[in-house]
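Visitor: Got protein.txt for you, compact mmCIF, C-alpha atoms:
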# COMPACT_ATOMS: atom_id res chain seq x y z
CA MET A 1 121.13 100.85 116.52
CA ASN A 2 123.14 99.89 113.52
CA SER A 3 121.59 102.60 111.37
CA SER A 4 122.15 105.28 114.00
CA LEU A 5 125.82 104.28 114.21
CA LYS A 6 126.07 104.52 110.43
CA LEU A 7 124.42 107.96 110.51
CA LEU A 8 126.89 109.10 113.18
CA ALA A 9 129.86 107.84 111.14
CA ILE A 10 128.58 109.56 107.99
CA SER A 11 128.02 112.80 109.92
CA ILE A 12 131.58 112.71 111.32
CA CYS A 13 132.96 112.05 107.84
CA LEU A 14 130.95 114.92 106.36
CA ILE A 15 131.94 117.36 109.09
CA SER A 16 135.63 116.51 108.72
CA LEU A 17 135.36 116.77 104.93
CA VAL A 18 133.71 120.19 105.16
CA SER A 19 136.29 121.44 107.66
CA VAL A 20 139.12 120.30 105.37
CA SER A 21 137.53 121.64 102.17
CA PHE A 22 136.76 125.14 103.42
CA PRO A 23 139.67 126.98 104.99
CA THR A 24 138.78 128.70 108.19
CA ILE A 25 139.01 132.50 108.24
CA ASN A 26 141.28 133.44 111.11
CA ALA A 27 141.98 136.94 112.35
CA ALA A 28 145.57 138.08 111.76
CA THR A 29 147.91 137.33 114.62
CA GLU A 30 150.70 139.50 115.95
CA ALA A 31 153.24 137.35 114.10
CA THR A 32 151.52 137.71 110.72
CA ALA A 33 151.23 141.46 111.26
CA ILE A 34 154.95 141.71 112.06
CA GLN A 35 155.73 139.65 108.97
CA ALA A 36 153.58 141.87 106.72
CA ILE A 37 155.09 145.05 108.18
CA ASN A 38 158.66 143.76 107.81
CA ARG A 39 157.98 142.78 104.20
CA SER A 40 156.60 146.23 103.52
CA GLU A 41 159.57 147.91 105.27
CA GLU A 42 161.98 145.98 103.05
CA ALA A 43 159.95 146.74 99.91
CA LEU A 44 159.98 150.47 100.69
CA ALA A 45 163.69 150.52 101.48
CA SER A 46 164.44 148.80 98.14
CA ALA A 47 162.06 151.17 96.34
CA TYR A 48 163.84 154.18 97.84
CA GLU A 49 167.21 152.85 96.70
CA ILE A 50 165.79 152.36 93.20
CA VAL A 51 164.51 155.96 93.28
CA LEU A 52 168.00 157.22 94.18
CA GLU A 53 169.63 155.18 91.40
CA THR A 54 167.06 156.41 88.88
CA GLU A 55 167.55 159.99 90.04
CA GLN A 56 171.33 159.69 89.69
CA ALA A 57 170.80 158.62 86.08
CA GLY A 58 169.19 162.04 85.57
CA ALA A 59 165.56 160.88 85.42
CA ASN A 60 162.56 162.78 86.77
CA VAL A 61 161.46 160.54 89.64
CA SER A 62 158.28 162.38 90.68
CA VAL A 63 156.07 159.44 89.56
CA LEU A 64 158.09 157.05 91.73
CA LEU A 65 158.09 159.46 94.68
CA ASP A 66 154.29 159.76 94.50
CA ARG A 67 153.99 156.00 94.86
CA LEU A 68 156.61 155.91 97.60
CA ASN A 69 154.61 158.56 99.45
CA ILE A 70 151.39 156.53 99.31
CA ALA A 71 153.31 153.43 100.38
CA GLY A 72 154.91 155.37 103.24
CA GLU A 73 151.55 156.65 104.49
CA ASN A 74 150.14 153.13 104.47
CA LEU A 75 153.17 151.71 106.24
CA ALA A 76 153.06 154.39 108.96
CA GLU A 77 149.37 153.54 109.44
CA ALA A 78 150.25 149.84 109.66
CA GLN A 79 152.85 150.57 112.35
CA MET A 80 150.36 152.65 114.36
CA LEU A 81 147.57 150.08 114.06
CA PHE A 82 150.01 147.40 115.16
CA ARG A 83 150.91 149.42 118.25
CA LEU A 84 147.19 149.77 118.96
CA GLY A 85 146.73 145.99 118.69
CA ASP A 86 144.70 146.09 115.47
CA PHE A 87 146.60 143.32 113.69
CA ASP A 88 144.02 142.90 110.90
CA GLY A 89 144.23 146.59 110.11
CA ALA A 90 148.03 146.49 110.31
CA VAL A 91 148.25 143.60 107.84
CA HIS A 92 145.82 145.32 105.47
CA SER A 93 147.72 148.62 105.53
CA ALA A 94 151.09 146.88 105.19
CA GLU A 95 149.83 144.95 102.15
CA LEU A 96 148.49 148.16 100.58
CA SER A 97 151.91 149.68 101.16
CA SER A 98 153.77 146.76 99.57
CA ASP A 99 151.43 146.78 96.56
CA GLN A 100 152.46 150.36 95.75
CA VAL A 101 156.17 149.64 95.48
CA GLU A 102 156.12 146.09 94.16
CA GLY A 103 155.01 144.86 90.75
CA ASN A 104 155.74 147.37 88.00
CA PHE A 105 157.57 149.88 90.23
CA MET A 106 160.92 148.42 89.19
CA ASN A 107 159.92 148.39 85.50
CA THR A 108 158.77 152.01 85.66
CA ALA A 109 162.07 152.98 87.28
CA GLU A 110 164.04 151.03 84.69
CA LYS A 111 162.16 152.72 81.85
CA LEU A 112 162.70 156.18 83.36
CA LYS A 113 166.38 155.41 83.83
CA ASN A 114 166.83 154.18 80.25
CA ASP A 115 164.96 157.19 78.82
CA ALA A 116 167.07 159.57 80.92
CA GLN A 117 170.31 157.85 79.88
CA GLN A 118 169.31 158.05 76.21
CA ILE A 119 168.42 161.74 76.48
CA GLU A 120 171.67 162.38 78.34
CA SER A 121 173.80 160.62 75.74
CA GLU A 122 172.00 162.48 72.91
CA ARG A 123 172.61 165.75 74.72
CA TRP A 124 176.27 164.83 75.19
CA PHE A 125 176.70 164.05 71.51
CA ALA A 126 174.88 167.19 70.34
CA ASN A 127 176.88 169.46 72.68
CA LEU A 128 180.15 167.84 71.71
CA ILE A 129 179.48 168.14 67.96
CA THR A 130 178.28 171.76 68.35
CA SER A 131 181.42 172.67 70.28
CA LEU A 132 183.70 170.89 67.83
CA VAL A 133 182.13 172.54 64.76
CA ALA A 134 182.18 175.96 66.47
CA LEU A 135 185.83 175.50 67.50
CA ILE A 136 186.91 174.52 63.97
CA ALA A 137 185.00 177.52 62.60
CA VAL A 138 186.65 179.89 65.07
CA ILE A 139 190.18 178.56 64.42
CA SER A 140 189.72 178.63 60.63
CA GLY A 141 188.04 182.06 60.71
CA THR A 142 190.72 183.57 62.92
CA THR A 143 193.54 182.08 60.81
CA ILE A 144 192.01 183.26 57.52
CA ALA A 145 191.32 186.69 59.00
CA TRP A 146 194.90 186.90 60.24
CA LEU A 147 196.34 185.89 56.87
CA ILE A 148 194.19 188.43 55.02
CA PHE A 149 195.08 191.09 57.51
CA LYS A 150 198.82 190.27 57.31
CA ARG A 151 198.79 190.40 53.48
CA ARG A 152 196.99 193.73 53.47
CA HIS A 153 199.23 195.10 56.18
CA PHE A 154 202.44 194.21 54.25
CA SER A 155 201.08 195.42 50.92
CA THR A 156 200.05 198.70 52.54
CA SER A 157 203.46 199.14 54.17
CA LYS A 158 205.24 198.31 50.84
CA LYS A 159 203.01 200.86 49.09
CA ASP A 160 203.75 203.42 51.80
CA LYS A 161 207.49 202.76 51.51
CA GLY A 162 207.31 203.10 47.67
CA GLU A 163 205.45 206.37 47.95
CA ALA A 164 207.99 207.59 50.48
CA ARG A 165 210.89 206.76 48.12
CA LEU A 166 209.14 208.48 45.25
CA SER A 167 208.58 211.61 47.27
CA GLU A 168 212.26 211.55 48.37
CA ASN A 169 213.34 211.32 44.73
CA MET B 1 200.81 199.46 65.76
CA LYS B 2 203.45 196.86 64.92
CA ILE B 3 202.59 193.52 63.28
CA ASN B 4 203.48 191.62 66.51
CA GLU B 5 200.95 193.64 68.48
CA PHE B 6 198.28 192.85 65.87
CA TYR B 7 199.24 189.19 66.16
CA ILE B 8 198.67 189.23 69.96
CA LEU B 9 195.33 191.00 69.45
CA PHE B 10 194.24 188.33 66.98
CA MET B 11 195.37 185.55 69.35
CA ILE B 12 193.38 187.01 72.29
CA THR B 13 190.26 187.50 70.14
CA GLY B 14 190.66 183.97 68.77
CA LEU B 15 190.98 182.46 72.27
CA ALA B 16 187.92 184.34 73.52
CA LEU B 17 185.88 183.13 70.54
CA ALA B 18 187.20 179.58 71.05
CA LEU B 19 186.04 179.64 74.68
CA ILE B 20 182.56 180.72 73.57
CA ALA B 21 182.63 177.97 70.95
CA VAL B 22 183.41 175.20 73.49
CA SER B 23 180.88 176.45 76.07
CA PRO B 24 178.24 173.80 75.10
CA ALA B 25 180.83 171.10 75.86
CA LEU B 26 181.74 172.79 79.16
CA THR B 27 178.14 172.40 80.35
CA LEU B 28 178.69 168.61 80.27
CA ILE B 29 181.17 168.90 83.10
CA SER B 30 178.94 168.86 86.18
CA LEU B 31 180.49 170.47 89.17
CA PRO B 32 179.50 169.28 92.66
CA ARG B 33 176.98 171.60 94.35
CA SER B 34 178.51 173.71 97.03
CA GLY B 35 176.69 174.74 100.20
CA GLU B 36 175.16 172.99 103.16
CA ARG B 37 172.84 170.02 102.69
CA PHE B 38 170.07 169.86 105.22
CA SER B 39 166.43 169.11 105.98
CA GLU B 40 163.94 171.40 107.69
CA LEU B 41 161.17 170.62 110.15
CA TRP B 42 158.56 173.14 111.28
CA LEU B 43 155.38 173.53 113.19
CA LEU B 44 152.74 176.17 112.48
CA GLY B 45 149.72 177.16 114.51
CA PRO B 46 146.05 176.74 113.50
CA GLY B 47 146.17 179.97 111.46
CA HIS B 48 149.03 178.56 109.42
CA ALA B 49 151.45 180.99 111.09
CA ALA B 50 154.04 180.72 113.85
CA GLU B 51 151.51 181.86 116.47
CA GLY B 52 148.40 180.67 118.28
CA PHE B 53 149.85 177.31 119.27
CA PRO B 54 147.66 175.39 121.73
CA PHE B 55 148.91 175.94 125.29
CA ASN B 56 146.11 175.71 127.83
CA VAL B 57 144.35 172.62 126.56
CA SER B 58 140.99 171.26 127.67
CA VAL B 59 139.69 167.71 127.78
CA ASN B 60 138.42 166.34 124.43
CA LYS B 61 138.67 169.67 122.65
CA GLN B 62 140.08 169.53 119.10
CA TYR B 63 143.28 171.42 118.37
CA ARG B 64 145.12 171.84 115.12
CA VAL B 65 148.72 172.51 114.12
CA TYR B 66 150.51 172.15 110.79
CA LEU B 67 153.56 169.96 110.59
CA GLY B 68 155.96 170.52 107.72
CA ALA B 69 159.33 169.45 106.38
CA SER B 70 161.50 170.31 103.42
CA ASN B 71 164.41 168.67 101.67
CA HIS B 72 167.67 170.46 100.73
CA LEU B 73 169.85 167.36 100.41
CA ASP B 74 170.51 167.67 96.68
CA ARG B 75 168.80 164.28 96.24
CA SER B 76 165.48 162.69 97.16
CA GLY B 77 164.93 161.85 100.81
CA TYR B 78 162.73 159.28 102.53
CA TYR B 79 161.59 160.67 105.87
CA SER B 80 159.69 159.65 108.95
CA ILE B 81 158.32 161.89 111.67
CA TYR B 82 157.70 160.49 115.14
CA VAL B 83 155.24 162.19 117.46
CA LYS B 84 156.02 161.46 121.12
CA PHE B 85 154.49 162.52 124.41
CA GLY B 86 156.30 163.31 127.61
CA ASN B 87 155.86 165.20 130.85
CA GLN B 88 158.04 168.03 132.09
CA THR B 89 160.68 165.62 133.43
CA ASN B 90 160.99 163.33 130.40
CA GLN B 91 164.09 163.76 128.30
CA LEU B 92 163.85 165.93 125.20
CA PRO B 93 165.91 165.28 122.05
CA ASN B 94 169.52 166.31 122.64
CA SER B 95 170.77 168.67 119.92
CA THR B 96 174.38 168.49 121.18
CA THR B 97 174.69 164.72 120.97
CA SER B 98 172.09 164.39 118.15
CA GLU B 99 170.17 161.87 120.26
CA PRO B 100 166.39 161.56 119.90
CA SER B 101 164.12 161.50 122.91
CA PRO B 102 164.05 158.00 124.49
CA LEU B 103 160.22 158.12 124.65
CA PRO B 104 158.28 155.65 122.49
CA PRO B 105 156.57 157.03 119.36
CA VAL B 106 152.81 157.43 119.44
CA TYR B 107 152.00 158.75 115.99
CA GLU B 108 154.05 158.38 112.84
CA SER B 109 154.15 159.90 109.35
CA ARG B 110 156.26 158.81 106.43
CA PHE B 111 156.90 160.62 103.17
CA ALA B 112 159.40 160.99 100.36
CA LEU B 113 160.58 164.35 99.03
CA SER B 114 162.65 165.36 96.05
CA ASP B 115 165.31 168.05 96.49
CA GLY B 116 163.75 171.46 97.12
CA ASP B 117 160.28 170.06 97.80
CA THR B 118 158.21 170.60 100.93
CA TRP B 119 155.68 168.45 102.75
CA GLU B 120 153.01 169.70 105.13
CA VAL B 121 150.04 168.08 106.86
CA PRO B 122 147.47 169.29 109.38
CA LEU B 123 147.51 167.46 112.71
CA ASN B 124 144.20 167.46 114.55
CA PHE B 125 144.47 166.28 118.12
CA ALA B 126 142.55 166.07 121.37
CA PHE B 127 143.45 164.95 124.90
CA ASP B 128 141.66 162.86 127.45
CA TYR B 129 143.16 163.55 130.87
CA VAL B 130 142.03 163.33 134.46
CA LEU B 131 143.15 164.69 137.82
CA LEU B 132 144.26 161.66 139.84
CA GLN B 133 145.26 163.34 143.08
CA HIS B 134 145.47 166.95 144.08
CA ASN B 135 148.92 167.25 142.47
CA VAL B 136 148.92 164.54 139.78
CA THR B 137 147.23 164.56 136.36
CA LEU B 138 146.99 161.48 134.17
CA LEU B 139 146.98 161.86 130.40
CA ARG B 140 145.02 158.78 129.40
CA ASN B 141 144.51 159.03 125.65
CA VAL B 142 145.55 161.22 122.80
CA SER B 143 143.58 161.35 119.60
CA ILE B 144 145.57 162.34 116.51
CA ASN B 145 143.93 162.60 113.08
CA GLY B 146 141.13 160.26 114.15
CA LEU B 147 143.27 157.57 115.78
CA VAL B 148 143.08 157.20 119.56
CA PHE B 149 146.33 156.25 121.30
CA PRO B 150 146.53 155.20 124.95
CA VAL B 151 149.35 157.16 126.56
CA ASP B 152 148.94 156.76 130.36
CA LEU B 153 151.39 159.48 131.25
CA ILE B 154 151.37 161.39 134.53
CA SER B 155 152.39 164.93 135.27
CA VAL B 156 153.05 166.29 138.73
CA TRP B 157 151.93 169.82 139.62
CA ASP B 158 154.68 172.27 138.76
CA SER B 159 154.53 174.98 141.42
CA ASP B 160 157.11 177.13 139.60
CA ILE B 161 154.95 177.66 136.54
CA ASN B 162 151.61 176.61 138.09
CA GLY B 163 150.34 173.79 135.94
CA PHE B 164 150.43 170.19 134.79
CA TYR B 165 152.66 170.24 131.75
CA PHE B 166 152.99 167.75 128.94
CA ARG B 167 155.14 167.93 125.84
CA MET B 168 154.24 166.84 122.34
CA ILE B 169 157.55 166.15 120.60
CA PHE B 170 158.05 165.91 116.83
CA GLU B 171 161.23 164.26 115.56
CA LEU B 172 162.37 164.08 111.95
CA ARG B 173 164.23 160.96 110.85
CA LEU B 174 165.88 160.33 107.48
CA TYR B 175 166.37 156.93 105.90
CA ASN B 176 170.03 156.03 105.62
CA THR B 177 170.77 153.59 102.79
CA ASP B 178 174.16 152.64 104.28
CA SER B 179 172.77 151.49 107.62
CA SER B 180 169.37 150.50 106.11
CA ASN B 181 167.34 152.27 108.76
CA PHE B 182 165.89 155.63 109.73
CA GLN B 183 168.23 157.89 111.63
CA TYR B 184 167.36 160.85 113.79
CA HIS B 185 168.38 163.90 111.81
CA ASN B 186 168.82 166.33 114.72
CA ARG B 187 165.64 168.06 113.72
CA ALA B 188 162.98 168.27 116.42
CA VAL B 189 160.32 170.66 117.62
CA TYR B 190 157.98 170.38 120.58
CA LEU B 191 154.83 171.90 121.98
CA MET B 192 154.48 172.40 125.71
CA MET B 193 150.89 172.23 126.90
CA ASN B 194 149.26 172.97 130.20
CA MET B 195 146.58 170.43 131.10
CA THR B 196 145.18 172.29 134.06
CA SER B 197 141.60 172.92 133.16
CA SER B 198 138.26 173.54 134.79
CA GLN B 199 136.91 170.63 132.76
CA LEU B 200 139.03 168.12 134.68
CA VAL B 201 137.17 165.06 135.93
CA PHE B 202 137.78 164.87 139.64
CA SER B 203 137.86 161.73 141.69
CA PRO B 204 135.67 162.11 144.80
CA GLU B 205 138.54 162.68 147.22
CA SER B 206 140.55 164.97 144.96
CA THR B 207 140.81 168.70 145.42
CA ILE B 208 141.68 171.43 143.00
CA ALA B 209 145.43 171.51 142.63
CA SER B 210 145.78 175.23 143.00
CA GLU B 211 143.86 175.36 146.24
Here is the file; what I need is its structure written in the form of structure tokens.
Guide:
Amino acid sequence: MNSSLKLLAISICLISLVSVSFPTINAATEATAIQAINRSEEALASAYEIVLETEQAGANVSVLLDRLNIAGENLAEAQMLFRLGDFDGAVHSAELSSDQVEGNFMNTAEKLKNDAQQIESERWFANLITSLVALIAVISGTTIAWLIFKRRHFSTSKKDKGEARLSEN
Amino acid sequence: MKINEFYILFMITGLALALIAVSPALTLISLPRSGERFSELWLLGPGHAAEGFPFNVSVNKQYRVYLGASNHLDRSGYYSIYVKFGNQTNQLPNSTTSEPSPLPPVYESRFALSDGDTWEVPLNFAFDYVLLQHNVTLLRNVSINGLVFPVDLISVWDSDINGFYFRMIFELRLYNTDSSNFQYHNRAVYLMMNMTSSQLVFSPESTIASE
């Protein structure tokens, strides 16, 4: 009797230990699916705003748009699976969507933005210098040409007047 | 020619050359783009042309259309397309008030497009419908690109155009960063389909609607 009681107590202890040690695998609930979808919605909205900022800086955002497209497809699938009551599928698709626009998405955008800003400032500087040099050259060239022309014009007219006086005499 | 006239000629030539000289700097001044900014939404038939759209549709037969959109907003756009189903009495999107149809979305697509880019996907769909009474058809399920959606929508026999009509509505929505949500962009197209077919599954007491 005593030994069977001991066995029962040990069994209960073991069962409770096992149940605590190994987490149970539960199917996703409606609430977890909503949470995953909302998180993904927010991640995509932020990603889109980052794309717009990067684009305004003059960067080529096609790499970011490709990832946003994949994320969008996954999120649309998550929404549809949720409406169909497939919460596991919805969570999975929503997580796939979030993965696309989280992590190094921001870093990629930042790098693209910095590269674009650098290229833009280099272009600015080069165009400004080119214009300035060309303008100085034009002003100097025109002034020199005018001075040469004026000198020649007056010397020619003096010569003409001299010849005229000579012929009169 | 007098010397003053030569002077004017030199000045004009000098100014023209100066303008050419500063042209690289002028390219740095970006002028705002003029013209209308808009998005396009279109639907093409199975032959990838604006013809041959499914009209008389049978039960569980596969149909295909191509759904496309393009961006002319002068910036990238984040879009969503809702596919909705309604009968001949359900409200369509209102182009005057820019209101979308109040029907719930069944299928959804999301995509991002840069300015000038286009997006297009094939939509394969099939219908599962049944004649409930002699003048009522029930559209039970719609399968779109492999996903089956319960619709449970009825259509009453339309004696004016002889048929049970359902509408497949496509609405384009654009993400608005100010309001942080998708907004209907007053771009919608719809397909009207007649679900009066010889393949209808009749309930024992039902009769053919046209009889």
Visitor: Out of A:Val61, A:Leu84, A:Ala33, A:Ala71, which residue has the shortest atom-to-atom distance to B:Arg75 when counting all atoms listed in the file?
Guide: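 When distances to B:Arg75 are compared using all atoms listed in the file, the smallest one comes from A:Val61.
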Visitor: Could you tell me which residues of chain A sit within 9 Å of chain B when counting all atoms listed in the file, and give me the result as a PyMOL selection string?
Guide: chain A and resi 45+48-49+51-52+55-56+61-62+65-66+68-77+79-81+83-84+123-124+126-139+141-143+145-146+150+153
Visitor: Please provide the set of residues having any atom within 10 Å of B:Thr89, restricted to all atoms listed in the file, with same-chain residues fewer than 6 positions apart removed, written as a count of residues only.
Guide: 5
Visitor: For the atom pair atom CA of B:Gly45 and atom CA of B:Pro100, what is the interatomic distance in Å to one decimal place?
Guide: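 Atom CA of B:Pro100 lies at a distance of 23.5 Å from atom CA of B:Gly45.
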Visitor: So what do you get for atom CA of B:Asn186 versus atom CA of B:Glu40, distance-wise?
Guide: 9.9 Å
Visitor: Atom CA of B:Tyr63 and atom CA of B:Tyr190 are how many Å apart?
Guide: 14.9 Å
Visitor: Set the distance at 9 Å and use all atoms listed in the file: which residues neighbour A:Val101 once local chain neighbours fewer than 6 positions away are removed? I'd like the list as a list in words.
Guide: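 Near A:Val101, the qualifying residues are Ser40, Ala43, Leu44, Ser46, Ala47, Leu64, Arg67, Leu68 and Ala71 of chain A.
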Visitor: Show which residues sit within 12 Å of B:Gly86, as a PDB file with C-alpha atoms, in the coordinates of the input. Count all atoms listed in the file, and ignore same-chain residues fewer than 5 positions away.
Guide:
ATOM      1  CA  GLN B  91     164.090 163.760 128.300  1.00  0.00           C
ATOM      2  CA  LEU B  92     163.850 165.930 125.200  1.00  0.00           C
ATOM      3  CA  PRO B  93     165.910 165.280 122.050  1.00  0.00           C
ATOM      4  CA  SER B 101     164.120 161.500 122.910  1.00  0.00           C
ATOM      5  CA  PRO B 102     164.050 158.000 124.490  1.00  0.00           C
ATOM      6  CA  LEU B 103     160.220 158.120 124.650  1.00  0.00           C
ATOM      7  CA  PRO B 104     158.280 155.650 122.490  1.00  0.00           C
ATOM      8  CA  PRO B 105     156.570 157.030 119.360  1.00  0.00           C
ATOM      9  CA  VAL B 106     152.810 157.430 119.440  1.00  0.00           C
ATOM     10  CA  LEU B 138     146.990 161.480 134.170  1.00  0.00           C
ATOM     11  CA  LEU B 139     146.980 161.860 130.400  1.00  0.00           C
ATOM     12  CA  VAL B 142     145.550 161.220 122.800  1.00  0.00           C
ATOM     13  CA  VAL B 151     149.350 157.160 126.560  1.00  0.00           C
ATOM     14  CA  ASP B 152     148.940 156.760 130.360  1.00  0.00           C
ATOM     15  CA  LEU B 153     151.390 159.480 131.250  1.00  0.00           C
ATOM     16  CA  ILE B 154     151.370 161.390 134.530  1.00  0.00           C
ATOM     17  CA  SER B 155     152.390 164.930 135.270  1.00  0.00           C
ATOM     18  CA  VAL B 156     153.050 166.290 138.730  1.00  0.00           C
ATOM     19  CA  PHE B 164     150.430 170.190 134.790  1.00  0.00           C
ATOM     20  CA  TYR B 165     152.660 170.240 131.750  1.00  0.00           C
ATOM     21  CA  PHE B 166     152.990 167.750 128.940  1.00  0.00           C
ATOM     22  CA  ARG B 167     155.140 167.930 125.840  1.00  0.00           C
ATOM     23  CA  MET B 168     154.240 166.840 122.340  1.00  0.00           C
ATOM     24  CA  ILE B 169     157.550 166.150 120.600  1.00  0.00           C
ATOM     25  CA  PHE B 170     158.050 165.910 116.830  1.00  0.00           C
ATOM     26  CA  TYR B 190     157.980 170.380 120.580  1.00  0.00           C
ATOM     27  CA  LEU B 191     154.830 171.900 121.980  1.00  0.00           C
ATOM     28  CA  MET B 192     154.480 172.400 125.710  1.00  0.00           C
ATOM     29  CA  MET B 193     150.890 172.230 126.900  1.00  0.00           C
TER      30      MET B 193
END
Visitor: What's the 7 Å shell around B:Gly116, counting all atoms listed in the file, without same-chain residues fewer than 2 positions away, as an NGL selection string?
Guide: :B and (70-72 or 114 or 118)
Visitor: Set the distance at 9 Å and use all atoms listed in the file: which residues neighbour A:Ala109 once local chain neighbours fewer than 4 positions away are removed? I'd like the list as number ranges by chain.
Guide: A: 50-51, 53-54, 59, 61, 64, 104-105, 113-114
Visitor: Could you put an axis-aligned box around every listed atom of stretch 107-117 of chain B, padded by 3 Å on each side, and send me its centre and edge lengths in Å to one decimal, as lines of an AutoDock Vina configuration file?
Guide:
center_x = 158.7
center_y = 164.9
center_z = 106.0
size_x = 19.3
size_y = 19.1
size_z = 25.9
Visitor: Of the residues A:Thr29, A:Ser98, A:Thr156, A:Ser93, which is the one nearest to A:Glu42, using all atoms listed in the file?
Guide: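 Nearest to A:Glu42: A:Ser98.
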Visitor: May I ask which of the residues A:Leu112, A:Leu166, A:Ala78, A:Ile119 is the closest one to A:Val63, counting all atoms listed in the file?
Guide: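 Going through A:Leu112, A:Leu166, A:Ala78, A:Ile119 one by one, the smallest distance to A:Val63 is for A:Leu112.
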Visitor: Have a look at A:Ala164, A:Phe149, A:Lys6, A:Ala31 and name the one nearest to A:Ala90; count all atoms listed in the file.
Guide: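 Closest candidate: A:Ala31.
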Visitor: Compare A:Phe82, A:Phe125, A:Ala27, A:Glu102 by their minimum atom-to-atom distance to A:Arg39, counting all atoms listed in the file, and give me the closest one.
Guide: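 So, comparing all the options, the nearest one is A:Glu102.
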Visitor: Could you rebuild stretch 166-178 of chain B with N, CA and C atoms and give it back as an mmCIF file, keeping the file's coordinate frame?
Guide:
data_model
loop_
_atom_site.group_PDB
_atom_site.id
_atom_site.type_symbol
_atom_site.label_atom_id
_atom_site.label_comp_id
_atom_site.auth_asym_id
_atom_site.auth_seq_id
_atom_site.Cartn_x
_atom_site.Cartn_y
_atom_site.Cartn_z
ATOM 1 N N PHE B 166 152.623 168.877 129.800
ATOM 2 C CA PHE B 166 152.990 167.750 128.940
ATOM 3 C C PHE B 166 153.628 168.316 127.677
ATOM 4 N N ARG B 167 154.471 167.488 127.071
ATOM 5 C CA ARG B 167 155.140 167.930 125.840
ATOM 6 C C ARG B 167 154.781 167.000 124.681
ATOM 7 N N MET B 168 154.497 167.598 123.561
ATOM 8 C CA MET B 168 154.240 166.840 122.340
ATOM 9 C C MET B 168 155.485 167.081 121.467
ATOM 10 N N ILE B 169 156.253 166.010 121.273
ATOM 11 C CA ILE B 169 157.550 166.150 120.600
ATOM 12 C C ILE B 169 157.470 165.597 119.168
ATOM 13 N N PHE B 170 158.025 166.332 118.238
ATOM 14 C CA PHE B 170 158.050 165.910 116.830
ATOM 15 C C PHE B 170 159.517 165.732 116.415
ATOM 16 N N GLU B 171 159.843 164.550 115.962
ATOM 17 C CA GLU B 171 161.230 164.260 115.560
ATOM 18 C C GLU B 171 161.294 163.822 114.102
ATOM 19 N N LEU B 172 162.198 164.437 113.365
ATOM 20 C CA LEU B 172 162.370 164.080 111.950
ATOM 21 C C LEU B 172 163.484 163.042 111.827
ATOM 22 N N ARG B 173 163.210 161.990 111.072
ATOM 23 C CA ARG B 173 164.230 160.960 110.850
ATOM 24 C C ARG B 173 164.375 160.760 109.333
ATOM 25 N N LEU B 174 165.586 160.500 108.923
ATOM 26 C CA LEU B 174 165.880 160.330 107.480
ATOM 27 C C LEU B 174 166.396 158.911 107.253
ATOM 28 N N TYR B 175 165.923 158.292 106.184
ATOM 29 C CA TYR B 175 166.370 156.930 105.900
ATOM 30 C C TYR B 175 167.802 156.953 105.381
ATOM 31 N N ASN B 176 168.637 156.122 106.003
ATOM 32 C CA ASN B 176 170.030 156.030 105.620
ATOM 33 C C ASN B 176 170.245 154.719 104.869
ATOM 34 N N THR B 177 170.630 154.812 103.602
ATOM 35 C CA THR B 177 170.770 153.590 102.790
ATOM 36 C C THR B 177 171.985 152.761 103.213
ATOM 37 N N ASP B 178 172.973 153.399 103.835
ATOM 38 C CA ASP B 178 174.160 152.640 104.280
ATOM 39 C C ASP B 178 173.836 151.739 105.461
#
